[in-house]
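Engineer: Data file target_33.cif (mmCIF, C-alpha atoms) is appended below.
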```cif
data_entry
loop_
_atom_site.label_atom_id
_atom_site.label_comp_id
_atom_site.auth_asym_id
_atom_site.auth_seq_id
_atom_site.Cartn_x
_atom_site.Cartn_y
_atom_site.Cartn_z
CA MET A 86 30.68 14.03 -39.06
CA ALA A 87 34.28 13.00 -39.82
CA ALA A 88 35.77 14.09 -43.12
CA GLU A 89 36.35 11.45 -45.79
CA PRO A 90 39.98 10.48 -46.46
CA GLY A 91 41.57 13.10 -48.68
CA GLU A 92 38.93 15.75 -47.95
CA PRO A 93 40.00 19.01 -46.23
CA VAL A 94 38.97 19.56 -42.61
CA TRP A 95 36.47 22.44 -42.27
CA PRO A 96 36.99 24.70 -40.39
CA PRO A 97 40.70 24.09 -40.98
CA VAL A 98 43.00 23.05 -38.15
CA ALA A 99 45.42 25.93 -37.66
CA ARG A 100 48.21 27.09 -35.39
CA PHE A 101 47.55 30.40 -33.62
CA PHE A 102 49.18 32.60 -31.03
CA CYS A 103 47.87 35.40 -28.83
CA THR A 104 49.70 38.27 -27.22
CA VAL A 105 48.79 38.53 -23.55
CA ALA A 106 49.59 40.77 -20.60
CA ARG A 107 52.48 39.42 -18.56
CA GLY A 108 51.16 37.24 -15.77
CA LEU A 109 47.96 36.32 -17.62
CA GLU A 110 49.53 33.52 -19.65
CA PRO A 111 48.10 30.75 -17.37
CA PHE A 112 44.60 32.28 -17.66
CA LEU A 113 44.76 32.29 -21.45
CA MET A 114 46.13 28.73 -21.57
CA ARG A 115 43.17 27.49 -19.53
CA GLU A 116 40.75 29.56 -21.60
CA VAL A 117 41.86 28.27 -25.02
CA ARG A 118 41.62 24.70 -23.75
CA ALA A 119 38.13 25.25 -22.33
CA ARG A 120 36.58 27.44 -25.06
CA LEU A 121 38.35 26.19 -28.18
CA GLU A 122 39.32 22.62 -27.20
CA ALA A 123 42.82 23.69 -28.19
CA THR A 124 45.78 21.31 -28.28
CA GLU A 125 49.56 21.79 -28.28
CA VAL A 126 49.16 24.71 -25.89
CA GLU A 127 52.44 26.35 -24.87
CA TYR A 128 53.64 29.77 -23.85
CA ILE A 129 56.58 32.12 -23.76
CA LEU A 130 56.58 35.40 -21.91
CA GLY A 131 53.75 37.54 -23.31
CA LYS A 132 52.51 34.98 -25.87
CA VAL A 133 50.44 31.77 -25.88
CA PHE A 134 50.56 29.31 -28.81
CA PHE A 135 47.86 26.73 -29.55
CA THR A 136 46.24 24.60 -32.27
CA THR A 137 42.49 24.56 -32.91
CA CYS A 138 39.86 24.17 -35.63
CA ALA A 139 37.55 26.77 -34.03
CA ASP A 140 35.86 29.29 -36.34
CA LEU A 141 36.10 33.08 -36.06
CA ASN A 142 32.93 33.32 -33.97
CA MET A 143 34.52 31.14 -31.26
CA LEU A 144 37.91 32.82 -31.52
CA LYS A 145 36.26 36.20 -30.91
CA LYS A 146 35.11 34.97 -27.48
CA LEU A 147 38.59 34.85 -25.97
CA LYS A 148 38.61 37.25 -23.02
CA SER A 149 42.13 37.16 -21.58
CA ALA A 150 43.98 37.70 -24.90
CA GLU A 151 45.16 41.02 -26.28
CA ARG A 152 45.52 40.17 -30.00
CA LEU A 153 45.08 36.97 -32.03
CA PHE A 154 47.40 35.87 -34.84
CA LEU A 155 47.70 33.00 -37.28
CA LEU A 156 51.21 31.63 -36.82
CA ILE A 157 53.41 31.53 -39.93
CA LYS A 158 56.77 30.79 -38.31
CA LYS A 159 58.26 30.38 -34.84
CA GLN A 160 61.95 29.61 -34.69
CA PHE A 161 65.07 30.06 -32.60
CA PRO A 162 66.62 33.53 -32.49
CA PHE A 163 69.32 34.75 -34.83
CA ASN A 164 72.92 34.54 -33.66
CA VAL A 165 73.84 38.21 -33.52
CA SER A 166 77.16 38.13 -31.68
CA SER A 167 79.80 39.84 -33.79
CA VAL A 168 77.50 39.87 -36.82
CA SER A 169 77.03 42.85 -39.09
CA LYS A 170 73.68 44.48 -39.75
CA GLY A 171 73.77 43.24 -43.35
CA LYS A 172 74.09 39.60 -42.27
CA ILE A 173 71.23 40.01 -39.79
CA PHE A 174 69.03 41.42 -42.55
CA SER A 175 69.99 38.44 -44.71
CA GLU A 176 68.80 36.11 -41.94
CA ILE A 177 65.54 38.09 -41.68
CA GLN A 178 64.96 37.64 -45.42
CA ARG A 179 65.28 33.88 -44.97
CA LEU A 180 62.12 33.96 -42.87
CA ILE A 181 60.30 34.57 -46.16
CA ASN A 182 62.52 32.83 -48.72
CA ASP A 183 62.91 29.53 -46.83
CA GLU A 184 59.79 27.32 -47.05
CA PRO A 185 57.52 29.77 -48.93
CA GLU A 186 54.80 27.08 -48.97
CA SER A 187 54.30 27.59 -45.23
CA TRP A 188 53.36 31.21 -45.99
CA LEU A 189 50.93 30.19 -48.72
CA ASN A 190 49.30 27.55 -46.49
CA VAL A 191 48.65 30.08 -43.73
CA ILE A 192 47.35 32.65 -46.22
CA SER A 193 44.94 30.01 -47.55
CA ILE A 194 43.70 29.24 -44.02
CA TRP A 195 43.29 32.96 -43.31
CA LYS A 196 41.17 33.43 -46.45
CA ASN A 197 39.10 30.32 -45.70
CA LEU A 198 38.32 31.55 -42.19
CA LEU A 199 37.19 34.95 -43.49
CA GLU A 200 35.11 33.38 -46.27
CA LEU A 201 33.44 30.94 -43.88
CA ASP A 202 32.60 33.80 -41.52
CA ALA A 203 31.12 35.85 -44.39
CA LYS A 204 29.01 32.91 -45.60
CA LYS A 205 27.70 32.32 -42.08
CA GLU A 206 26.67 35.98 -41.82
CA LYS A 207 24.77 35.73 -45.12
CA LEU A 208 22.99 32.57 -43.97
CA SER A 209 22.19 34.24 -40.65
CA GLU A 210 20.67 37.24 -42.44
CA ARG A 211 18.68 34.92 -44.70
CA ASP A 212 17.29 32.98 -41.74
CA ALA A 213 16.96 36.01 -39.42
CA ASN A 214 13.20 36.43 -39.91
CA PRO A 215 11.51 33.07 -40.56
CA LEU A 216 8.23 34.44 -39.20
CA LYS A 217 8.13 37.07 -41.95
CA ARG A 218 8.67 34.42 -44.61
CA LYS A 219 5.97 32.23 -43.06
CA MET A 220 3.53 35.15 -42.98
CA GLY A 221 4.27 35.87 -46.64
CA LYS A 222 3.54 32.29 -47.54
CA ASP A 223 0.33 32.33 -45.48
CA ASP A 224 -0.79 35.53 -47.24
CA THR A 225 -0.30 33.87 -50.63
CA ILE A 226 -2.38 30.87 -49.60
CA LEU A 227 -5.10 33.14 -48.17
CA GLY A 228 -5.28 35.09 -51.42
CA LYS A 229 -5.71 31.87 -53.34
CA LYS A 230 -8.50 30.80 -51.01
CA LEU A 231 -10.38 34.07 -51.51
CA LYS A 232 -10.01 33.82 -55.24
CA THR A 233 -11.29 30.24 -55.14
CA GLU A 234 -14.35 31.27 -53.13
CA GLN A 235 -15.22 33.95 -55.68
CA MET A 236 -15.10 31.41 -58.51
CA GLN A 237 -16.90 28.76 -56.50
CA GLU A 238 -20.42 29.37 -57.87
CA THR A 239 -19.44 29.47 -61.54
CA GLN A 240 -16.57 27.00 -61.96
CA GLU A 241 -16.62 23.88 -59.84
CA THR A 242 -17.91 22.33 -56.67
CA ARG A 243 -16.34 22.89 -53.27
CA GLU A 244 -14.87 19.37 -53.24
CA CYS A 245 -12.98 20.00 -56.50
CA GLN A 246 -11.69 23.31 -55.23
CA LEU A 247 -10.32 21.78 -52.02
CA GLU A 248 -8.55 19.10 -53.98
CA LYS A 249 -7.08 21.67 -56.35
CA GLN A 250 -5.88 23.73 -53.39
CA ARG A 251 -4.12 20.71 -51.86
CA GLU A 252 -2.37 20.06 -55.13
CA GLU A 253 -1.21 23.69 -55.34
CA GLU A 254 0.12 23.65 -51.78
CA THR A 255 1.98 20.41 -52.46
CA LEU A 256 3.58 21.96 -55.53
CA GLU A 257 4.52 25.10 -53.56
CA GLN A 258 6.20 23.03 -50.84
CA GLY A 259 8.03 21.03 -53.48
CA ASP A 260 9.25 24.26 -55.10
CA PHE A 261 10.34 25.60 -51.70
CA PHE A 262 12.45 22.54 -50.85
CA THR A 263 13.90 22.43 -54.36
CA LYS A 264 14.94 26.11 -54.10
CA ARG A 265 16.45 25.55 -50.66
CA GLU A 266 18.52 22.61 -51.96
CA GLU A 267 19.62 24.71 -54.95
CA PHE A 268 20.67 27.54 -52.60
CA GLN A 269 22.72 25.19 -50.39
CA GLU A 270 24.40 23.64 -53.44
CA ALA A 271 25.18 27.11 -54.83
CA LEU A 272 26.62 28.15 -51.46
CA GLN A 273 28.99 25.17 -51.41
CA ASN A 274 30.04 25.91 -54.99
CA ASP A 275 30.66 29.58 -54.15
CA VAL A 276 32.99 28.66 -51.27
CA ALA A 277 34.90 26.17 -53.43
CA GLU A 278 35.23 28.65 -56.29
CA ALA A 279 36.33 31.45 -53.95
CA VAL A 280 39.13 29.30 -52.55
CA ASP A 281 40.24 28.17 -56.03
CA THR A 282 40.06 31.49 -57.85
CA HIS A 283 41.78 33.82 -55.33
CA ASN A 284 45.00 35.08 -56.85
CA GLN A 285 47.87 35.58 -54.40
CA ASN A 286 49.12 38.50 -56.51
CA ASP A 287 46.01 40.49 -55.62
CA LEU A 288 47.08 40.81 -51.97
CA THR A 289 48.26 44.08 -50.50
CA PHE A 290 50.21 44.14 -47.24
CA ARG A 291 52.13 46.09 -44.66
CA VAL A 292 54.67 44.96 -42.05
CA SER A 293 54.61 45.61 -38.29
CA CYS A 294 57.86 44.96 -36.40
CA ARG A 295 59.00 44.53 -32.83
CA CYS A 296 62.59 44.04 -31.88
CA SER A 297 64.03 43.54 -28.39
CA GLY A 298 67.02 42.14 -26.53
CA THR A 299 70.50 41.71 -27.95
CA ILE A 300 69.37 41.85 -31.57
CA ALA A 301 67.78 45.25 -30.95
CA LYS A 302 70.97 46.56 -29.29
CA THR A 303 73.11 45.25 -32.16
CA LEU A 304 70.94 46.88 -34.80
CA THR A 305 70.28 50.17 -32.99
CA ALA A 306 74.00 50.65 -32.41
CA GLN A 307 74.13 51.63 -36.07
CA TYR A 308 72.02 54.72 -35.35
CA SER A 309 72.88 57.88 -33.44
CA TYR A 310 69.41 59.40 -33.73
CA LEU A 311 66.94 60.02 -30.93
CA PHE A 312 64.21 57.95 -32.64
CA TYR A 313 66.42 54.98 -33.52
CA ASP A 314 63.66 52.47 -32.67
CA LEU A 315 61.38 53.93 -35.34
CA LEU A 316 64.18 53.95 -37.91
CA LEU A 317 65.08 50.35 -37.06
CA PHE A 318 61.49 49.12 -37.41
CA GLN A 319 61.12 50.95 -40.72
CA GLU A 320 64.32 49.39 -42.05
CA ILE A 321 63.35 45.85 -40.98
CA GLY A 322 59.88 46.38 -42.45
CA LYS A 323 61.45 47.50 -45.72
CA VAL A 324 63.69 44.41 -45.87
CA ILE A 325 60.75 42.07 -45.23
CA GLY A 326 58.49 43.97 -47.63
CA ILE A 327 60.95 43.71 -50.52
CA ALA A 328 61.38 39.97 -49.86
CA LEU A 329 57.60 39.44 -49.87
CA MET A 330 57.15 41.36 -53.13
CA LYS A 331 59.89 39.36 -54.81
CA GLN A 332 58.72 35.99 -53.49
CA PHE A 333 54.94 36.29 -53.88
CA GLY A 334 54.28 39.33 -56.08
CA TRP A 335 52.28 41.12 -53.35
CA LYS A 336 51.99 44.91 -53.27
CA ALA A 337 52.80 47.12 -50.30
CA ASP A 338 50.00 49.35 -48.96
CA LEU A 339 50.68 51.17 -45.69
CA ARG A 340 47.21 52.72 -45.34
CA ASN A 341 44.60 50.08 -46.11
CA PRO A 342 46.18 46.67 -46.78
CA ASN A 343 44.35 43.36 -47.10
CA LEU A 344 46.98 41.74 -44.93
CA GLU A 345 49.23 42.74 -42.05
CA ILE A 346 52.44 40.83 -41.35
CA PHE A 347 53.61 40.90 -37.73
CA ILE A 348 57.19 40.00 -36.83
CA HIS A 349 58.85 39.94 -33.40
CA LEU A 350 62.57 39.32 -33.04
CA ASN A 351 64.32 38.86 -29.69
CA ASN A 352 66.84 36.68 -27.84
CA ILE A 353 64.42 33.79 -27.26
CA TYR A 354 62.55 33.38 -30.54
CA SER A 355 61.58 34.86 -33.88
CA VAL A 356 57.82 34.89 -34.51
CA VAL A 357 55.96 35.78 -37.71
CA GLY A 358 52.16 35.89 -37.88
CA ILE A 359 49.03 37.44 -39.37
CA PRO A 360 46.54 39.35 -37.18
CA VAL A 361 43.19 37.60 -37.52
CA PHE A 362 41.17 40.70 -36.54
CA ARG A 363 41.96 44.35 -37.20
CA VAL A 364 40.68 45.35 -33.75
CA PRO A 365 42.39 43.76 -30.70
CA LEU A 366 40.31 41.23 -28.75
CA ALA A 367 40.95 43.29 -25.62
CA SER A 368 39.10 46.29 -27.14
CA ARG A 369 35.58 45.34 -26.15
CA ALA A 370 32.81 46.73 -28.34
CA TYR A 371 30.48 46.82 -25.32
CA ILE A 372 32.72 49.11 -23.20
CA ARG A 373 32.29 52.79 -24.05
CA THR A 374 34.66 54.26 -21.44
CA ALA A 375 37.63 52.10 -20.49
CA GLY A 376 38.79 51.85 -16.90
CA LEU A 377 40.66 48.80 -15.67
CA ARG A 378 42.07 46.75 -18.56
CA SER A 379 39.29 44.42 -19.74
CA THR A 380 41.55 41.34 -19.82
CA ILE A 381 42.63 41.90 -16.22
CA ALA A 382 39.03 42.52 -15.12
CA TRP A 383 37.94 39.24 -16.71
CA ALA A 384 40.83 37.36 -15.12
CA MET A 385 39.94 38.75 -11.67
CA ALA A 386 36.33 37.65 -12.11
CA SER A 387 37.35 34.19 -13.30
CA VAL A 388 39.46 33.64 -10.17
CA ALA A 389 36.37 34.27 -8.03
CA GLU A 390 34.67 31.12 -9.40
CA ILE A 391 31.28 32.82 -9.70
CA LYS A 392 28.27 30.50 -9.55
CA ALA A 393 24.67 31.10 -10.63
CA GLY A 394 22.48 32.69 -7.97
CA THR A 395 25.28 34.29 -5.96
CA VAL A 396 25.58 37.95 -4.91
CA VAL A 397 28.73 39.66 -6.19
CA LEU A 398 29.90 43.08 -4.92
CA ASP A 399 32.53 45.51 -6.18
CA PRO A 400 32.66 48.16 -3.40
CA MET A 401 34.95 50.46 -5.42
CA CYS A 402 33.59 49.75 -8.88
CA GLY A 403 34.82 52.88 -10.69
CA LEU A 404 33.65 52.59 -14.32
CA GLY A 405 32.29 49.11 -13.62
CA THR A 406 34.68 47.12 -15.81
CA ILE A 407 34.96 44.15 -13.44
CA LEU A 408 31.20 43.87 -12.99
CA LEU A 409 30.67 44.30 -16.72
CA GLU A 410 33.08 41.51 -17.64
CA ALA A 411 31.62 39.26 -14.96
CA ALA A 412 28.00 39.90 -15.99
CA LYS A 413 28.81 39.15 -19.63
CA GLU A 414 30.39 35.81 -18.72
CA TRP A 415 28.19 34.76 -15.78
CA PRO A 416 24.76 36.39 -16.32
CA ASP A 417 22.63 34.50 -13.75
CA VAL A 418 24.07 36.40 -10.80
CA TYR A 419 23.03 39.47 -8.76
CA TYR A 420 25.72 42.17 -9.10
CA VAL A 421 26.15 45.28 -6.95
CA GLY A 422 28.61 48.10 -7.61
CA ALA A 423 29.40 50.92 -5.19
CA ASP A 424 31.48 54.08 -5.52
CA ILE A 425 31.65 57.49 -3.88
CA SER A 426 32.41 59.38 -7.12
CA ASP A 427 29.55 60.79 -9.20
CA SER A 428 31.66 60.88 -12.38
CA GLN A 429 32.74 57.25 -11.97
CA LEU A 430 29.17 56.09 -11.39
CA LEU A 431 27.92 58.03 -14.41
CA GLY A 432 30.61 56.35 -16.52
CA ALA A 433 29.69 52.95 -15.10
CA CYS A 434 26.00 53.55 -15.82
CA ASP A 435 26.82 54.53 -19.39
CA ASN A 436 28.96 51.42 -19.87
CA LEU A 437 26.21 49.16 -18.54
CA LYS A 438 23.66 50.81 -20.81
CA VAL A 439 25.84 50.29 -23.91
CA ALA A 440 26.44 46.66 -22.93
CA GLY A 441 22.72 46.05 -22.31
CA LEU A 442 23.35 45.09 -18.67
CA LYS A 443 21.54 47.82 -16.71
CA ASP A 444 19.07 45.28 -15.36
CA LYS A 445 21.90 42.97 -14.25
CA VAL A 446 23.91 45.39 -12.08
CA GLU A 447 22.73 47.70 -9.30
CA LEU A 448 24.86 50.80 -8.70
CA LEU A 449 25.04 52.58 -5.31
CA LYS A 450 26.63 55.90 -4.38
CA VAL A 451 28.16 55.06 -1.02
CA SER A 452 31.52 54.95 0.72
CA VAL A 453 33.35 51.64 0.87
CA LEU A 454 33.47 52.18 4.65
CA GLU A 455 29.66 52.49 5.00
CA LEU A 456 28.14 49.86 2.73
CA PRO A 457 24.34 49.72 3.23
CA LEU A 458 24.26 45.92 3.10
CA PRO A 459 23.48 43.46 5.91
CA SER A 460 26.38 41.49 7.31
CA GLY A 461 26.93 38.22 5.47
CA SER A 462 24.65 39.22 2.57
CA VAL A 463 27.37 39.12 -0.10
CA ASP A 464 28.89 35.88 -1.43
CA ILE A 465 31.81 37.28 -3.45
CA ILE A 466 33.73 40.57 -3.39
CA ILE A 467 35.89 41.52 -6.39
CA SER A 468 37.59 44.90 -6.48
CA ASP A 469 40.57 46.73 -7.92
CA ILE A 470 41.64 48.44 -4.71
CA PRO A 471 43.56 51.70 -5.35
CA PHE A 472 46.81 51.81 -3.40
CA GLY A 473 47.54 55.48 -3.88
CA LYS A 474 49.20 55.61 -7.30
CA LYS A 475 46.23 56.91 -9.32
CA PHE A 476 43.49 57.34 -6.69
CA LYS A 477 44.33 58.02 -3.05
CA LEU A 478 42.40 56.30 -0.28
CA ALA A 479 40.71 58.59 2.21
CA LYS A 480 41.05 55.99 4.98
CA ASP A 481 43.61 53.29 5.64
CA ILE A 482 43.39 49.97 3.88
CA LYS A 483 42.77 48.08 7.13
CA SER A 484 39.40 49.79 7.68
CA ILE A 485 38.36 49.02 4.11
CA LEU A 486 39.23 45.34 4.43
CA GLN A 487 37.35 45.13 7.73
CA GLU A 488 34.19 46.51 6.10
CA MET A 489 34.54 44.07 3.22
CA GLU A 490 34.96 41.16 5.62
CA ARG A 491 31.77 42.14 7.42
#
```
For this file, write the structure as structure tokens.
Structural biologist:
Amino acid sequence: MAAEPGEPVWPPVARFFCTVARGLEPFLMREVRARLEATEVEYILGKVFFTTCADLNMLKKLKSAERLFLLIKKQFPFNVSSVSKGKIFSEIQRLINDEPESWLNVISIWKNLLELDAKKEKLSERDANPLKRKMGKDDTILGKKLKTEQMQETQETRECQLEKQREEETLEQGDFFTKREEFQEALQNDVAEAVDTHNQNDLTFRVSCRCSGTIAKTLTAQYSYLFYDLLLFQEIGKVIGIALMKQFGWKADLRNPNLEIFIHLNNIYSVVGIPVFRVPLASRAYIRTAGLRSTIAWAMASVAEIKAGTVVLDPMCGLGTILLEAAKEWPDVYYVGADISDSQLLGACDNLKVAGLKDKVELLKVSVLELPLPSGSVDIIISDIPFGKKFKLAKDIKSILQEMER
């Protein structure tokens, strides 16, 4: 239902960006459009920017992104030619001091997203076991029936008792609906109060910096130490931190902050954002032992255009990352993984068990050159073929490709 004029949109429309492995930008652009119905989608090398009103549950489903950020500012780079370090730091401070309302707006959206997610979890827990609540209600009614039967001979006729019971049940249902309405009203009030009563001064923060290109060379020229990058990032972080404390009254906390500020300065752009999740999207909770990067595995599977009912084979599956990502996204498919290494297959089996996909993927200990499958029995082959950098091939690549083609 559309919001009334003057009412805030919920979830709020916000501008985000994701960091992404180089070369995967087109995959992420397609994904945010498809999953999040995102608009204003654009990219620069290693980052994709987009606008959406998706909630955290939907944002968590992005598979080709590394990390997700709420965008505070994106602007043209600083002019660093023949400029002193002090003047560059002054320009960096302007990222905070100019248009402070843009910072406060993004902080408000960040809090609203977290609060909405927390409220949804509470509602989910409340509604998680409706059968138990129904059984409890049925037990209450049964107890009343037994008590009524015991009083039947001495108090009133059966017809009166049945009528009384109907009245009691009607009252109970009325109480139930009244309590449910009260709970929903209280929930709405809690959200409104939480948004209104949060004090910006209560926030603690830390700053994460990246600096590359000409601006990095200009600034690092001031140092003659071996670890000049670390010293540079610490100095930029200190400059930004002082500006934030002066502008908003926030407190620095390097160990356990409420908020992390991410800033990236280079020749093309200056970007400032807030990480939406502490753990990167690319760190999958359902993968115990990492092999191929999960984002790359998902991208490889998406290129294959997997359809329901097909047979998908990874003849050199290793730890099973490709099959795992594919089975999570396209479950109605028969997956087969093969590898000659016992340790790799054990790791793959463990990963599938953690992900709850053991019944979706069959693992075989066989050589890629002797696959025990009939010719033409596989619809799709997806594999990260080792070309000798990490794992050496026992046979030449031509023989492997011929067996796959069979």
Engineer: Show me the residues around (45.6, 33.7, -15.5) - criterion: an atom at most 9 Å away, all atoms listed in the file counted - as a list in words.
Structural biologist: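 Output: Gly108, Leu109, Glu110, Pro111, Phe112, Leu113, Met114, Arg115, Glu116, Ser149, Ile381, Ala384, Met385, Ser387 and Val388 of chain A.
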Engineer: To one decimal place, how far is CA of Ile470 in chain A from CA of Pro365 in chain A in Å?
Structural biologist: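 Distance reported for this atom pair: 26.4 Å.
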Engineer: Neighbours of range 440-449 of chain A within 7 Å (only C-alpha atoms; same-chain residues fewer than 2 positions away dropped), as a list in words?
Structural biologist: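 After dropping sequence-adjacent residues, the list is Tyr371, Ile372, Tyr419, Tyr420, Val421, Gly422, Ala423, Asp424, Asn436, Leu437, Lys438 and Val451 of chain A.
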Engineer: What gap, in Å, lies between CA of Leu431 in chain A and CA of Ser484 in chain A?
Structural biologist: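 Going from CA of Leu431 in chain A over to CA of Ser484 in chain A covers 26.2 Å.
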Engineer: Compute the distance from (60.1, 45.5, -29.6) to each atom, counting all atoms listed in the file, keep the residues with any atom at most 12 Å away, and return them as a list of chain:residue names; use the coordinates of the file.
Structural biologist: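 Those residues lying close to the given coordinates are A:Gly131, A:Ser293, A:Cys294, A:Arg295, A:Cys296, A:Ser297, A:Gly298, A:Thr299, A:Ile300, A:Ala301, A:Lys302, A:Thr305, A:Asp314, A:Leu315, A:Leu317, A:Phe318, A:Ile321, A:Phe347, A:Ile348, A:His349, A:Leu350, A:Asn351, A:Asn352, A:Ser355, A:Val356.
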Engineer: Kindly resolve the PyMOL selection byres ((chain A and resi 122-125) around 6) on the present coordinates and return the residues as a ChimeraX atom specification.
Structural biologist: /A:117-121,126,135-137
Engineer: So that I have them on file, write out the residues from the current selection with C-alpha atoms, as a PDB file, in the frame of the given file.
Structural biologist:
```pdb
ATOM      1  CA  VAL A 117      41.860  28.270 -25.020  1.00  0.00           C
ATOM      2  CA  ARG A 118      41.620  24.700 -23.750  1.00  0.00           C
ATOM      3  CA  ALA A 119      38.130  25.250 -22.330  1.00  0.00           C
ATOM      4  CA  ARG A 120      36.580  27.440 -25.060  1.00  0.00           C
ATOM      5  CA  LEU A 121      38.350  26.190 -28.180  1.00  0.00           C
ATOM      6  CA  VAL A 126      49.160  24.710 -25.890  1.00  0.00           C
ATOM      7  CA  PHE A 135      47.860  26.730 -29.550  1.00  0.00           C
ATOM      8  CA  THR A 136      46.240  24.600 -32.270  1.00  0.00           C
ATOM      9  CA  THR A 137      42.490  24.560 -32.910  1.00  0.00           C
TER      10      THR A 137
END
```
Engineer: How many Å lie between CA of Ser175 in chain A and CA of Glu320 in chain A, rounded to one decimal?
Structural biologist: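 CA of Glu320 in chain A lies 12.6 Å from CA of Ser175 in chain A.
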Engineer: Find the residues near Phe174 in chain A: any atom within 10 Å, counting all atoms listed in the file, skip ones fewer than 2 places away on the same chain, and give them as a PDB file with C-alpha atoms, in the frame of the given file.
Structural biologist:
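Saved as result.pdb:
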```pdb
ATOM      1  CA  SER A 169      77.030  42.850 -39.090  1.00  0.00           C
ATOM      2  CA  LYS A 170      73.680  44.480 -39.750  1.00  0.00           C
ATOM      3  CA  GLY A 171      73.770  43.240 -43.350  1.00  0.00           C
ATOM      4  CA  LYS A 172      74.090  39.600 -42.270  1.00  0.00           C
ATOM      5  CA  GLU A 176      68.800  36.110 -41.940  1.00  0.00           C
ATOM      6  CA  ILE A 177      65.540  38.090 -41.680  1.00  0.00           C
ATOM      7  CA  GLN A 178      64.960  37.640 -45.420  1.00  0.00           C
ATOM      8  CA  ARG A 179      65.280  33.880 -44.970  1.00  0.00           C
ATOM      9  CA  LEU A 304      70.940  46.880 -34.800  1.00  0.00           C
ATOM     10  CA  GLU A 320      64.320  49.390 -42.050  1.00  0.00           C
ATOM     11  CA  ILE A 321      63.350  45.850 -40.980  1.00  0.00           C
ATOM     12  CA  VAL A 324      63.690  44.410 -45.870  1.00  0.00           C
ATOM     13  CA  ILE A 325      60.750  42.070 -45.230  1.00  0.00           C
TER      14      ILE A 325
END
```
Engineer: Could you tell me which of A:Ala386, A:Ala433, A:Val453, A:Leu155 comes closest to Ile467 in chain A if we count all atoms listed in the file?
Structural biologist: A:Ala386
Engineer: Fewer than 3 positions away in the same chain doesn't count, so skip those; otherwise give me all residues within 7 Å of Phe290 in chain A, counting all atoms listed in the file, as a PyMOL selection string.
Structural biologist: chain A and resi 336-338+342-345
Engineer: Would you put the residues from that selection into a file with C-alpha atoms, as a short mmCIF file (atom, residue, chain, number, x, y, z; two decimals), keeping the file's coordinate frame?
Structural biologist:
```
data_model
loop_
_atom_site.label_atom_id
_atom_site.label_comp_id
_atom_site.auth_asym_id
_atom_site.auth_seq_id
_atom_site.Cartn_x
_atom_site.Cartn_y
_atom_site.Cartn_z
CA LYS A 336 51.99 44.91 -53.27
CA ALA A 337 52.80 47.12 -50.30
CA ASP A 338 50.00 49.35 -48.96
CA PRO A 342 46.18 46.67 -46.78
CA ASN A 343 44.35 43.36 -47.10
CA LEU A 344 46.98 41.74 -44.93
CA GLU A 345 49.23 42.74 -42.05
#
```
Engineer: Which residues match the PyMOL selection byres ((chain A and resi 418) around 12) in the file above, as a ChimeraX atom specification?
Structural biologist: /A:390-398,408-409,411-417,419-421,442,444-447,463-465
Engineer: For Ile425 in chain A, which residue among A:Lys331, A:Lys323, A:Lys450, A:Lys483 is the nearest when counting only C-alpha atoms?
Structural biologist: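 Result for the nearest residue to Ile425 in chain A: A:Lys450.
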Engineer: Residues near Leu404 in chain A, anyone? I mean within 9 Å using all atoms listed in the file, not counting same-chain ones fewer than 6 positions away, as JSON, numbers by chain.
Structural biologist: {"A": [374, 375, 376, 377, 428, 429, 430, 431, 432, 433, 434, 435, 436]}
